[in-house]
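*Asks:* Sending over structure-v2.cif (mmCIF, C-alpha atoms).
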```cif
data_start
#
loop_
_atom_site.label_atom_id
_atom_site.label_comp_id
_atom_site.auth_asym_id
_atom_site.auth_seq_id
_atom_site.Cartn_x
_atom_site.Cartn_y
_atom_site.Cartn_z
CA MET R 1 -34.39 -72.57 70.36
CA HIS R 2 -33.59 -69.24 72.05
CA PRO R 3 -33.18 -66.41 69.49
CA LEU R 4 -29.71 -65.46 70.80
CA ILE R 5 -28.45 -69.05 70.58
CA GLN R 6 -29.90 -69.27 67.06
CA HIS R 7 -28.04 -66.11 66.11
CA ILE R 8 -24.76 -67.35 67.59
CA GLN R 9 -25.08 -70.58 65.59
CA ARG R 10 -25.85 -68.68 62.40
CA ILE R 11 -22.97 -66.21 62.74
CA THR R 12 -20.30 -68.67 63.91
CA GLY R 13 -21.43 -71.76 61.99
CA VAL R 14 -20.96 -73.70 65.25
CA ARG R 15 -23.88 -76.00 66.11
CA GLU R 16 -22.92 -76.74 69.70
CA ALA R 17 -23.56 -73.32 71.28
CA ALA R 18 -24.52 -74.31 74.82
CA GLU R 19 -27.48 -72.35 76.14
CA ALA R 20 -26.58 -73.21 79.71
CA SER R 21 -23.14 -71.59 79.49
CA ILE R 22 -24.33 -68.40 77.74
CA LEU R 23 -27.85 -67.39 78.78
CA PRO R 24 -27.17 -67.07 82.55
CA PHE R 25 -25.05 -63.97 81.82
CA PHE R 26 -28.14 -62.16 80.54
CA GLU R 27 -31.36 -60.68 81.84
CA THR R 28 -34.51 -60.20 79.78
CA CYS R 29 -36.42 -56.95 79.87
CA SER R 30 -39.40 -55.36 78.09
CA PHE R 31 -39.84 -51.69 77.25
CA ARG R 32 -42.90 -49.84 76.03
CA LYS R 33 -42.84 -47.74 72.88
CA LYS R 34 -40.86 -44.47 73.31
CA ALA R 35 -39.19 -45.65 76.53
CA PHE R 36 -35.52 -44.68 77.04
CA LEU R 37 -33.10 -47.57 77.60
CA LEU R 38 -30.15 -45.20 77.97
CA GLU R 39 -29.97 -41.43 78.42
CA GLU R 40 -27.20 -39.18 77.19
CA GLY R 41 -24.86 -38.15 80.02
CA HIS R 42 -25.61 -41.24 82.12
CA HIS R 43 -23.34 -44.22 82.66
CA CYS R 44 -23.89 -47.09 80.28
CA HIS R 45 -24.16 -50.40 82.13
CA ALA R 46 -26.02 -52.39 79.49
CA TYR R 47 -25.51 -53.99 76.10
CA PHE R 48 -28.81 -54.82 74.40
CA PHE R 49 -29.70 -57.70 72.08
CA VAL R 50 -33.11 -57.17 70.47
CA ILE R 51 -35.47 -60.14 70.69
CA ARG R 52 -38.51 -58.27 69.36
CA GLY R 53 -39.06 -54.62 68.48
CA CYS R 54 -36.88 -51.74 67.34
CA LEU R 55 -34.37 -49.41 69.02
CA ARG R 56 -32.63 -46.27 67.87
CA LEU R 57 -29.42 -44.61 69.07
CA PHE R 58 -29.23 -40.83 68.71
CA PHE R 59 -27.74 -37.60 70.00
CA ALA R 60 -28.68 -33.94 69.85
CA ASP R 61 -26.42 -31.95 67.50
CA GLN R 62 -25.07 -28.39 67.96
CA ASN R 63 -28.48 -26.99 66.99
CA GLY R 64 -30.39 -29.31 69.34
CA ILE R 65 -31.65 -31.46 66.46
CA GLU R 66 -31.80 -35.21 67.12
CA GLN R 67 -29.45 -37.15 64.86
CA THR R 68 -30.17 -40.88 64.65
CA MET R 69 -26.97 -42.84 64.15
CA GLN R 70 -28.16 -46.45 64.34
CA PHE R 71 -31.18 -48.69 64.48
CA ALA R 72 -31.47 -52.16 65.93
CA LEU R 73 -34.18 -54.58 64.82
CA GLU R 74 -34.54 -58.22 65.86
CA HIS R 75 -31.15 -59.96 66.44
CA TRP R 76 -29.11 -56.76 66.42
CA TRP R 77 -26.88 -55.54 69.21
CA MET R 78 -26.95 -51.98 70.50
CA THR R 79 -25.17 -49.88 73.10
CA ASP R 80 -22.93 -46.81 73.33
CA LEU R 81 -19.94 -49.05 72.84
CA GLU R 82 -17.36 -46.43 73.84
CA ALA R 83 -19.18 -45.67 77.11
CA PHE R 84 -19.87 -49.37 77.80
CA ARG R 85 -16.19 -50.25 77.31
CA SER R 86 -14.70 -47.31 79.18
CA GLY R 87 -17.17 -46.69 81.99
CA ARG R 88 -17.43 -43.05 80.87
CA ARG R 89 -20.74 -41.21 80.51
CA SER R 90 -22.77 -41.91 77.40
CA ALA R 91 -22.72 -39.55 74.41
CA TYR R 92 -25.96 -41.07 73.09
CA SER R 93 -29.50 -41.91 74.06
CA ILE R 94 -31.20 -45.19 73.16
CA GLN R 95 -34.96 -45.24 72.71
CA ALA R 96 -37.54 -47.92 71.84
CA LEU R 97 -39.43 -47.09 68.63
CA GLU R 98 -41.87 -49.96 69.25
CA ALA R 99 -42.71 -52.12 72.25
CA THR R 100 -39.37 -53.91 72.54
CA GLU R 101 -38.04 -56.99 74.32
CA VAL R 102 -34.28 -57.18 74.87
CA MET R 103 -31.61 -59.34 76.47
CA ILE R 104 -29.27 -57.28 78.63
CA ILE R 105 -25.68 -57.95 79.64
CA GLY R 106 -23.56 -55.68 81.89
CA PRO R 107 -19.84 -54.90 81.43
CA GLU R 108 -18.60 -57.38 84.04
CA ASN R 109 -20.69 -60.25 82.73
CA TYR R 110 -19.66 -59.36 79.18
CA SER R 111 -15.97 -59.69 80.11
CA ARG R 112 -16.54 -62.89 82.09
CA MET R 113 -18.58 -64.46 79.30
CA LEU R 114 -15.84 -63.74 76.75
CA ASP R 115 -13.21 -65.23 79.09
CA GLU R 116 -15.25 -68.32 79.92
CA VAL R 117 -16.87 -69.11 76.56
CA PRO R 118 -14.34 -68.99 73.68
CA LEU R 119 -17.16 -69.34 71.14
CA MET R 120 -18.34 -65.88 72.16
CA GLU R 121 -14.97 -64.42 71.11
CA LYS R 122 -15.55 -65.82 67.63
CA TYR R 123 -19.16 -64.61 67.66
CA PHE R 124 -18.37 -61.03 68.69
CA ARG R 125 -15.31 -60.87 66.42
CA ARG R 126 -17.69 -61.58 63.52
CA VAL R 127 -20.42 -59.25 64.81
CA TYR R 128 -17.94 -56.34 65.12
CA GLU R 129 -16.18 -57.14 61.87
CA ARG R 130 -19.52 -56.84 60.03
CA ALA R 131 -20.62 -53.79 61.96
CA TYR R 132 -17.33 -52.02 61.38
CA ALA R 133 -17.31 -52.84 57.66
CA ALA R 134 -20.91 -51.62 57.38
CA SER R 135 -20.22 -48.37 59.23
CA LEU R 136 -17.38 -47.53 56.81
CA LEU R 137 -19.54 -48.40 53.82
CA ARG R 138 -22.33 -46.16 55.09
CA VAL R 139 -20.10 -43.08 55.39
CA GLN R 140 -18.80 -43.73 51.90
CA MET R 141 -22.22 -44.21 50.36
CA ILE R 142 -23.55 -41.04 51.96
CA SER R 143 -20.58 -39.13 50.52
CA ARG R 144 -20.52 -40.66 47.08
CA MET R 145 -23.96 -41.72 45.88
CA PRO R 146 -26.68 -39.43 44.61
CA LYS R 147 -29.26 -39.28 47.39
CA HIS R 148 -32.04 -41.10 45.53
CA GLU R 149 -29.70 -44.00 44.69
CA PHE R 150 -28.64 -44.27 48.31
CA TYR R 151 -32.31 -44.44 49.31
CA GLU R 152 -33.05 -47.14 46.73
CA LEU R 153 -30.11 -49.22 47.93
CA PHE R 154 -31.19 -48.80 51.53
CA GLU R 155 -34.77 -49.74 50.68
CA SER R 156 -33.67 -52.90 48.87
CA LYS R 157 -31.32 -53.91 51.71
CA TYR R 158 -33.62 -53.09 54.65
CA PRO R 159 -37.26 -53.13 53.47
CA ASP R 160 -38.44 -53.60 57.09
CA PHE R 161 -36.96 -50.31 58.18
CA ILE R 162 -38.84 -48.25 55.65
CA GLN R 163 -42.11 -49.66 56.98
CA ARG R 164 -41.36 -49.59 60.68
CA VAL R 165 -39.39 -46.43 61.33
CA PRO R 166 -41.10 -43.00 61.58
CA GLN R 167 -40.30 -40.79 58.56
CA LYS R 168 -38.69 -38.00 60.55
CA ILE R 169 -36.25 -40.39 62.26
CA LEU R 170 -35.49 -42.24 59.03
CA ALA R 171 -34.73 -38.90 57.32
CA SER R 172 -32.23 -37.93 60.04
CA PHE R 173 -30.50 -41.33 59.73
CA LEU R 174 -30.20 -40.98 55.95
CA GLY R 175 -28.96 -37.40 56.21
CA PHE R 176 -32.06 -36.09 54.38
CA THR R 177 -34.55 -33.41 55.36
CA PRO R 178 -37.99 -34.90 56.17
CA GLU R 179 -39.40 -32.97 53.19
CA TYR R 180 -36.89 -34.49 50.78
CA LEU R 181 -37.60 -38.01 52.06
CA SER R 182 -41.34 -37.54 51.73
CA GLU R 183 -40.95 -36.28 48.15
CA LEU R 184 -38.67 -39.20 47.28
CA ARG R 185 -41.13 -41.76 48.66
CA LYS R 186 -44.01 -40.15 46.79
CA LYS R 187 -42.09 -40.33 43.51
CA ARG R 188 -41.17 -43.97 44.09
CA THR R 189 -44.75 -44.96 44.93
CA GLU R 190 -45.95 -43.32 41.71
CA LYS R 191 -43.23 -45.11 39.73
CA LYS R 192 -44.31 -48.51 41.08
CA ARG R 193 -47.93 -48.10 40.01
CA MET L 1 10.09 -59.23 69.82
CA HIS L 2 8.21 -58.90 66.55
CA PRO L 3 5.98 -55.77 66.47
CA LEU L 4 2.84 -57.79 65.63
CA ILE L 5 3.42 -60.23 68.51
CA GLN L 6 4.04 -57.26 70.80
CA HIS L 7 0.75 -55.72 69.69
CA ILE L 8 -1.16 -58.98 70.21
CA GLN L 9 0.22 -59.25 73.74
CA ARG L 10 -0.67 -55.65 74.49
CA ILE L 11 -4.25 -55.88 73.16
CA THR L 12 -5.12 -59.30 74.61
CA GLY L 13 -3.09 -59.15 77.82
CA VAL L 14 -1.90 -62.69 77.00
CA ARG L 15 1.86 -63.16 77.37
CA GLU L 16 2.14 -66.51 75.56
CA ALA L 17 1.43 -65.38 71.99
CA ALA L 18 3.45 -67.90 70.00
CA GLU L 19 5.33 -66.31 67.10
CA ALA L 20 5.71 -69.66 65.39
CA SER L 21 1.95 -70.26 65.16
CA ILE L 22 1.09 -66.74 63.94
CA LEU L 23 3.85 -65.19 61.77
CA PRO L 24 3.90 -67.94 59.07
CA PHE L 25 0.45 -66.72 57.92
CA PHE L 26 1.98 -63.37 56.91
CA GLU L 27 4.31 -61.93 54.32
CA THR L 28 6.34 -58.76 54.77
CA CYS L 29 6.47 -56.12 52.09
CA SER L 30 7.89 -52.62 51.62
CA PHE L 31 6.35 -49.81 49.58
CA ARG L 32 7.87 -46.51 48.52
CA LYS L 33 6.16 -43.20 49.29
CA LYS L 34 3.02 -42.61 47.16
CA ALA L 35 2.79 -46.28 46.08
CA PHE L 36 -0.68 -47.83 45.83
CA LEU L 37 -1.29 -50.95 47.92
CA LEU L 38 -4.86 -51.29 46.65
CA GLU L 39 -6.69 -49.61 43.80
CA GLU L 40 -10.39 -48.83 43.69
CA GLY L 41 -12.29 -51.31 41.49
CA HIS L 42 -9.75 -54.10 42.00
CA HIS L 43 -10.17 -57.20 44.16
CA CYS L 44 -8.84 -56.89 47.66
CA HIS L 45 -6.66 -59.85 48.60
CA ALA L 46 -4.68 -58.26 51.38
CA TYR L 47 -5.06 -57.07 54.95
CA PHE L 48 -2.19 -54.80 56.02
CA PHE L 49 -0.56 -54.37 59.42
CA VAL L 50 1.77 -51.36 59.46
CA ILE L 51 5.25 -52.05 60.87
CA ARG L 52 6.68 -48.67 59.87
CA GLY L 53 5.26 -45.76 57.85
CA CYS L 54 1.79 -44.44 57.13
CA LEU L 55 -1.11 -45.48 54.88
CA ARG L 56 -4.33 -43.77 53.92
CA LEU L 57 -7.62 -45.21 52.61
CA PHE L 58 -9.63 -42.95 50.31
CA PHE L 59 -12.18 -42.78 47.50
CA ALA L 60 -13.15 -40.21 44.89
CA ASP L 61 -16.52 -38.60 45.63
CA GLN L 62 -19.25 -37.60 43.14
CA ASN L 63 -17.21 -34.54 42.13
CA GLY L 64 -13.99 -36.50 41.69
CA ILE L 65 -12.51 -35.12 44.91
CA GLU L 66 -10.46 -37.54 47.00
CA GLN L 67 -12.00 -38.19 50.40
CA THR L 68 -9.67 -39.74 52.95
CA MET L 69 -11.57 -42.02 55.34
CA GLN L 70 -8.81 -43.56 57.42
CA PHE L 71 -5.15 -43.45 58.22
CA ALA L 72 -2.94 -46.24 59.54
CA LEU L 73 0.28 -45.53 61.40
CA GLU L 74 2.52 -48.10 63.11
CA HIS L 75 0.58 -51.06 64.60
CA TRP L 76 -2.68 -50.24 62.86
CA TRP L 77 -4.59 -52.54 60.53
CA MET L 78 -5.95 -51.43 57.19
CA THR L 79 -7.93 -52.90 54.29
CA ASP L 80 -11.24 -52.40 52.49
CA LEU L 81 -12.85 -54.73 55.01
CA GLU L 82 -16.08 -55.18 53.05
CA ALA L 83 -14.20 -56.16 49.87
CA PHE L 84 -11.72 -58.34 51.78
CA ARG L 85 -14.55 -60.23 53.50
CA SER L 86 -16.84 -60.62 50.50
CA GLY L 87 -14.43 -61.02 47.58
CA ARG L 88 -16.16 -58.11 45.82
CA ARG L 89 -14.26 -55.28 44.13
CA SER L 90 -12.86 -52.57 46.33
CA ALA L 91 -14.62 -49.25 46.80
CA TYR L 92 -11.41 -47.65 48.09
CA SER L 93 -7.79 -47.10 47.26
CA ILE L 94 -4.96 -47.49 49.78
CA GLN L 95 -1.81 -45.43 49.34
CA ALA L 96 1.48 -45.09 51.25
CA LEU L 97 2.04 -41.53 52.50
CA GLU L 98 5.61 -42.39 53.54
CA ALA L 99 7.98 -45.25 52.76
CA THR L 100 6.03 -48.02 54.49
CA GLU L 101 6.70 -51.56 55.64
CA VAL L 102 3.70 -53.84 56.18
CA MET L 103 2.77 -57.39 57.11
CA ILE L 104 0.24 -58.83 54.66
CA ILE L 105 -2.31 -61.61 55.16
CA GLY L 106 -4.72 -62.89 52.50
CA PRO L 107 -8.38 -63.90 53.07
CA GLU L 108 -7.71 -67.66 53.20
CA ASN L 109 -4.84 -67.36 55.63
CA TYR L 110 -6.88 -64.92 57.72
CA SER L 111 -9.68 -67.51 58.07
CA ARG L 112 -7.27 -70.35 58.76
CA MET L 113 -5.36 -68.33 61.35
CA LEU L 114 -8.59 -67.50 63.21
CA ASP L 115 -9.63 -71.16 63.16
CA GLU L 116 -6.26 -72.48 64.27
CA VAL L 117 -5.20 -69.83 66.80
CA PRO L 118 -8.02 -69.01 69.27
CA LEU L 119 -5.98 -66.13 70.70
CA MET L 120 -6.40 -64.35 67.36
CA GLU L 121 -10.20 -64.41 67.80
CA LYS L 122 -9.75 -62.53 71.06
CA TYR L 123 -7.22 -60.18 69.45
CA PHE L 124 -9.40 -59.28 66.45
CA ARG L 125 -12.54 -59.08 68.58
CA ARG L 126 -10.80 -56.37 70.59
CA VAL L 127 -9.28 -54.67 67.53
CA TYR L 128 -12.71 -54.43 65.83
CA GLU L 129 -14.52 -53.48 69.01
CA ARG L 130 -12.18 -50.48 69.39
CA ALA L 131 -12.28 -49.59 65.72
CA TYR L 132 -16.08 -49.77 65.60
CA ALA L 133 -16.46 -47.69 68.76
CA ALA L 134 -14.00 -45.12 67.37
CA SER L 135 -15.76 -44.91 64.01
CA LEU L 136 -19.09 -44.13 65.72
CA LEU L 137 -17.45 -41.55 67.93
CA ARG L 138 -15.85 -39.87 64.92
CA VAL L 139 -19.14 -39.43 63.05
CA GLN L 140 -20.70 -38.02 66.19
CA MET L 141 -17.88 -35.61 66.89
CA ILE L 142 -17.89 -34.32 63.33
CA SER L 143 -21.65 -33.71 63.60
CA ARG L 144 -21.72 -32.22 67.05
CA MET L 145 -18.53 -30.34 67.89
CA PRO L 146 -17.57 -26.91 66.65
CA LYS L 147 -14.83 -27.50 64.05
CA HIS L 148 -12.00 -25.87 66.00
CA GLU L 149 -12.78 -28.01 69.07
CA PHE L 150 -12.77 -31.15 66.97
CA TYR L 151 -9.36 -30.18 65.62
CA GLU L 152 -7.99 -29.52 69.11
CA LEU L 153 -9.24 -32.90 70.32
CA PHE L 154 -7.77 -34.63 67.31
CA GLU L 155 -4.43 -32.83 67.77
CA SER L 156 -4.23 -33.84 71.44
CA LYS L 157 -5.15 -37.48 70.68
CA TYR L 158 -2.99 -37.95 67.58
CA PRO L 159 -0.11 -35.43 67.66
CA ASP L 160 1.87 -37.64 65.22
CA PHE L 161 -0.73 -37.29 62.51
CA ILE L 162 -0.64 -33.53 62.45
CA GLN L 163 3.11 -33.66 61.80
CA ARG L 164 3.22 -36.54 59.34
CA VAL L 165 0.16 -36.18 57.13
CA PRO L 166 0.04 -33.63 54.25
CA GLN L 167 -2.32 -30.73 55.00
CA LYS L 168 -4.62 -31.33 52.04
CA ILE L 169 -5.20 -34.96 53.02
CA LEU L 170 -5.65 -34.14 56.70
CA ALA L 171 -8.24 -31.49 55.75
CA SER L 172 -10.27 -34.01 53.73
CA PHE L 173 -10.19 -36.47 56.63
CA LEU L 174 -11.41 -33.84 59.09
CA GLY L 175 -14.12 -32.64 56.72
CA PHE L 176 -12.48 -29.20 56.43
CA THR L 177 -11.43 -27.21 53.37
CA PRO L 178 -7.61 -26.96 53.10
CA GLU L 179 -7.96 -23.17 53.54
CA TYR L 180 -9.88 -23.56 56.79
CA LEU L 181 -7.33 -26.02 58.18
CA SER L 182 -4.42 -23.75 57.27
CA GLU L 183 -6.11 -20.78 58.98
CA LEU L 184 -6.84 -22.88 62.09
CA ARG L 185 -3.23 -24.06 62.35
CA LYS L 186 -1.94 -20.51 61.94
CA LYS L 187 -4.18 -19.28 64.75
CA ARG L 188 -3.12 -22.13 67.04
CA THR L 189 0.58 -21.56 66.38
CA GLU L 190 0.16 -17.86 67.22
CA LYS L 191 -1.68 -18.79 70.41
CA LYS L 192 1.14 -21.08 71.58
CA ARG L 193 3.82 -18.40 71.21
#
```
Would it be possible to restate this file's structure as structure tokens?

*Replies:*
Amino acid sequence: MHPLIQHIQRITGVREAAEASILPFFETCSFRKKAFLLEEGHHCHAYFFVIRGCLRLFFADQNGIEQTMQFALEHWWMTDLEAFRSGRRSAYSIQALEATEVMIIGPENYSRMLDEVPLMEKYFRRVYERAYAASLLRVQMISRMPKHEFYELFESKYPDFIQRVPQKILASFLGFTPEYLSELRKKRTEKKR
Amino acid sequence: MHPLIQHIQRITGVREAAEASILPFFETCSFRKKAFLLEEGHHCHAYFFVIRGCLRLFFADQNGIEQTMQFALEHWWMTDLEAFRSGRRSAYSIQALEATEVMIIGPENYSRMLDEVPLMEKYFRRVYERAYAASLLRVQMISRMPKHEFYELFESKYPDFIQRVPQKILASFLGFTPEYLSELRKKRTEKKR
């Protein structure tokens, strides 16, 4: 079964997700490692669903340092949602951290699909509900937890990330310096021995 | 027309939102100023829609300082979404900043309503899509913009807030010290004269 249809069935609990009414809204595309799928300041005409690989969404802060806000592994959605919804220029860039295969839907097809396939309203309501809840939780955990506890929690929740994402990028996402992250990982490796 | 039905029509663009199929899922409740609608560490059985008044969602950080994460004015939704969804204990408190009237829906009624009224899937999909996009934008603006620019943007987007929310709480939401916010407001008032 197609990975997107599988995901829709898992998230909605509905078994009868019809491939033929959903997949034609999408295109499939492959990107090499380090390729840009979206560049800051450009219009954002694409919403990505990751079939295989890993994406990151980032921006350059006041000091020109890249701040990674989000990752997307297999079965995650990614876009600059504000730019995609509004048609305004993007405030973020999206880059492939590995060779990555995605499904792509544009704004018009996204609207049409939601109008024509009610199941997709349920699906995206649940996708956004989770994403929104998680984004609030993340801000709170960064503010409240001691840094090493936050790292341990993150490691237990997303073990794949720790392996797949370059240290420097992971550090920026966690709000750590690369040095602090490297020290923390060293300590934890020693502890496990 | 009932304010919730009005809001559903506005967000979905659908004129035929049937009061009789939606409102019975809710209760209406009034809280005095400073009342707690949810306390940190308790279970979260309620999702609030503000009819009149103002709520804030906050937690105490590592140093015991209250950090305000969100506000809700008229026609905004508020809950600890993670706790409401999962049944786990809440990581936040919710407090009324003014005398506040809300509609309340519990987790079971929320699920039933979404199953029975497809329009509500569309409505909440759009509510969450906006909220999620806004939460990402907020983190980015805090990280990237000079503080006084962020304040000016916030003031132009939400003039009501600046008037209605106590300075100390507004400062915590903006990531400012109360002293910095007070200085900024003084400067801006002088400029306008």

*Asks:* Name the residues captured by the PyMOL selection byres ((chain L) within 9 of (chain R)) when it is applied to the shown file; answer as a PyMOL selection string.

*Replies:* chain L and resi 59-63+67+69+80-82+85+91+114+118+121-137+139-140+143-146

*Asks:* Those residues you just picked out, can you put them in a file as a PDB file, keeping the file's coordinate frame with C-alpha atoms?

*Replies:*
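Final output, again-v4.pdb:
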```
ATOM      1  CA  PHE L  59     -12.180 -42.780  47.500  1.00  0.00           C
ATOM      2  CA  ALA L  60     -13.150 -40.210  44.890  1.00  0.00           C
ATOM      3  CA  ASP L  61     -16.520 -38.600  45.630  1.00  0.00           C
ATOM      4  CA  GLN L  62     -19.250 -37.600  43.140  1.00  0.00           C
ATOM      5  CA  ASN L  63     -17.210 -34.540  42.130  1.00  0.00           C
ATOM      6  CA  GLN L  67     -12.000 -38.190  50.400  1.00  0.00           C
ATOM      7  CA  MET L  69     -11.570 -42.020  55.340  1.00  0.00           C
ATOM      8  CA  ASP L  80     -11.240 -52.400  52.490  1.00  0.00           C
ATOM      9  CA  LEU L  81     -12.850 -54.730  55.010  1.00  0.00           C
ATOM     10  CA  GLU L  82     -16.080 -55.180  53.050  1.00  0.00           C
ATOM     11  CA  ARG L  85     -14.550 -60.230  53.500  1.00  0.00           C
ATOM     12  CA  ALA L  91     -14.620 -49.250  46.800  1.00  0.00           C
ATOM     13  CA  LEU L 114      -8.590 -67.500  63.210  1.00  0.00           C
ATOM     14  CA  PRO L 118      -8.020 -69.010  69.270  1.00  0.00           C
ATOM     15  CA  GLU L 121     -10.200 -64.410  67.800  1.00  0.00           C
ATOM     16  CA  LYS L 122      -9.750 -62.530  71.060  1.00  0.00           C
ATOM     17  CA  TYR L 123      -7.220 -60.180  69.450  1.00  0.00           C
ATOM     18  CA  PHE L 124      -9.400 -59.280  66.450  1.00  0.00           C
ATOM     19  CA  ARG L 125     -12.540 -59.080  68.580  1.00  0.00           C
ATOM     20  CA  ARG L 126     -10.800 -56.370  70.590  1.00  0.00           C
ATOM     21  CA  VAL L 127      -9.280 -54.670  67.530  1.00  0.00           C
ATOM     22  CA  TYR L 128     -12.710 -54.430  65.830  1.00  0.00           C
ATOM     23  CA  GLU L 129     -14.520 -53.480  69.010  1.00  0.00           C
ATOM     24  CA  ARG L 130     -12.180 -50.480  69.390  1.00  0.00           C
ATOM     25  CA  ALA L 131     -12.280 -49.590  65.720  1.00  0.00           C
ATOM     26  CA  TYR L 132     -16.080 -49.770  65.600  1.00  0.00           C
ATOM     27  CA  ALA L 133     -16.460 -47.690  68.760  1.00  0.00           C
ATOM     28  CA  ALA L 134     -14.000 -45.120  67.370  1.00  0.00           C
ATOM     29  CA  SER L 135     -15.760 -44.910  64.010  1.00  0.00           C
ATOM     30  CA  LEU L 136     -19.090 -44.130  65.720  1.00  0.00           C
ATOM     31  CA  LEU L 137     -17.450 -41.550  67.930  1.00  0.00           C
ATOM     32  CA  VAL L 139     -19.140 -39.430  63.050  1.00  0.00           C
ATOM     33  CA  GLN L 140     -20.700 -38.020  66.190  1.00  0.00           C
ATOM     34  CA  SER L 143     -21.650 -33.710  63.600  1.00  0.00           C
ATOM     35  CA  ARG L 144     -21.720 -32.220  67.050  1.00  0.00           C
ATOM     36  CA  MET L 145     -18.530 -30.340  67.890  1.00  0.00           C
ATOM     37  CA  PRO L 146     -17.570 -26.910  66.650  1.00  0.00           C
TER      38      PRO L 146
END
```

*Asks:* Any chance you could resolve the PyMOL selection byres ((chain L and resi 96-109) around 6) against this file and give the residues as number ranges by chain?

*Replies:* L: 25-35, 45-55, 95, 110-113

*Asks:* In Å, how far is it from CA of Gln163 in chain R to CA of Leu37 in chain R?

*Replies:*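 These atoms are spaced 22.6 Å apart.
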
*Asks:* Starting from the displayed file, determine the output of the PyMOL selection byres ((chain R and resi 42) around 6) and express the residue list as a PDB file with C-alpha atoms, in the coordinates of the input.

*Replies:*
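Ended up saving to out_20.pdb:
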```pdb
ATOM      1  CA  GLU R  39     -29.970 -41.430  78.420  1.00  0.00           C
ATOM      2  CA  GLU R  40     -27.200 -39.180  77.190  1.00  0.00           C
ATOM      3  CA  GLY R  41     -24.860 -38.150  80.020  1.00  0.00           C
ATOM      4  CA  HIS R  43     -23.340 -44.220  82.660  1.00  0.00           C
ATOM      5  CA  ARG R  89     -20.740 -41.210  80.510  1.00  0.00           C
ATOM      6  CA  SER R  90     -22.770 -41.910  77.400  1.00  0.00           C
TER       7      SER R  90
END
```

*Asks:* Identify, on the basis of all atoms listed in the file, every residue whose closest approach to range 2-10 of chain L does not exceed 7 Å; exclude the query and any residue fewer than 2 positions from it along the same chain; express the result as a count of residues only.

*Replies:* 9

*Asks:* Would you work out the distance separating CA of Arg188 in chain R from CA of Thr68 in chain R, expressed in Å to one decimal?

*Replies:*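 Separation of CA of Arg188 in chain R and CA of Thr68 in chain R: 23.5 Å.
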
*Asks:* Quick one, how far is CA of Arg56 in chain L from CA of Ile94 in chain L?

*Replies:*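 For CA of Arg56 in chain L relative to CA of Ile94 in chain L, the distance reads 5.6 Å.
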
*Asks:* So for range 94-109 of chain L, what box centre and size do we get, axis-aligned, 8 Å extra on each of the six sides, every listed atom, Å to one decimal, as lines of an AutoDock Vina configuration file?

*Replies:*
```
center_x = -0.2
center_y = -54.6
center_z = 53.2
size_x = 32.4
size_y = 42.1
size_z = 23.8
```
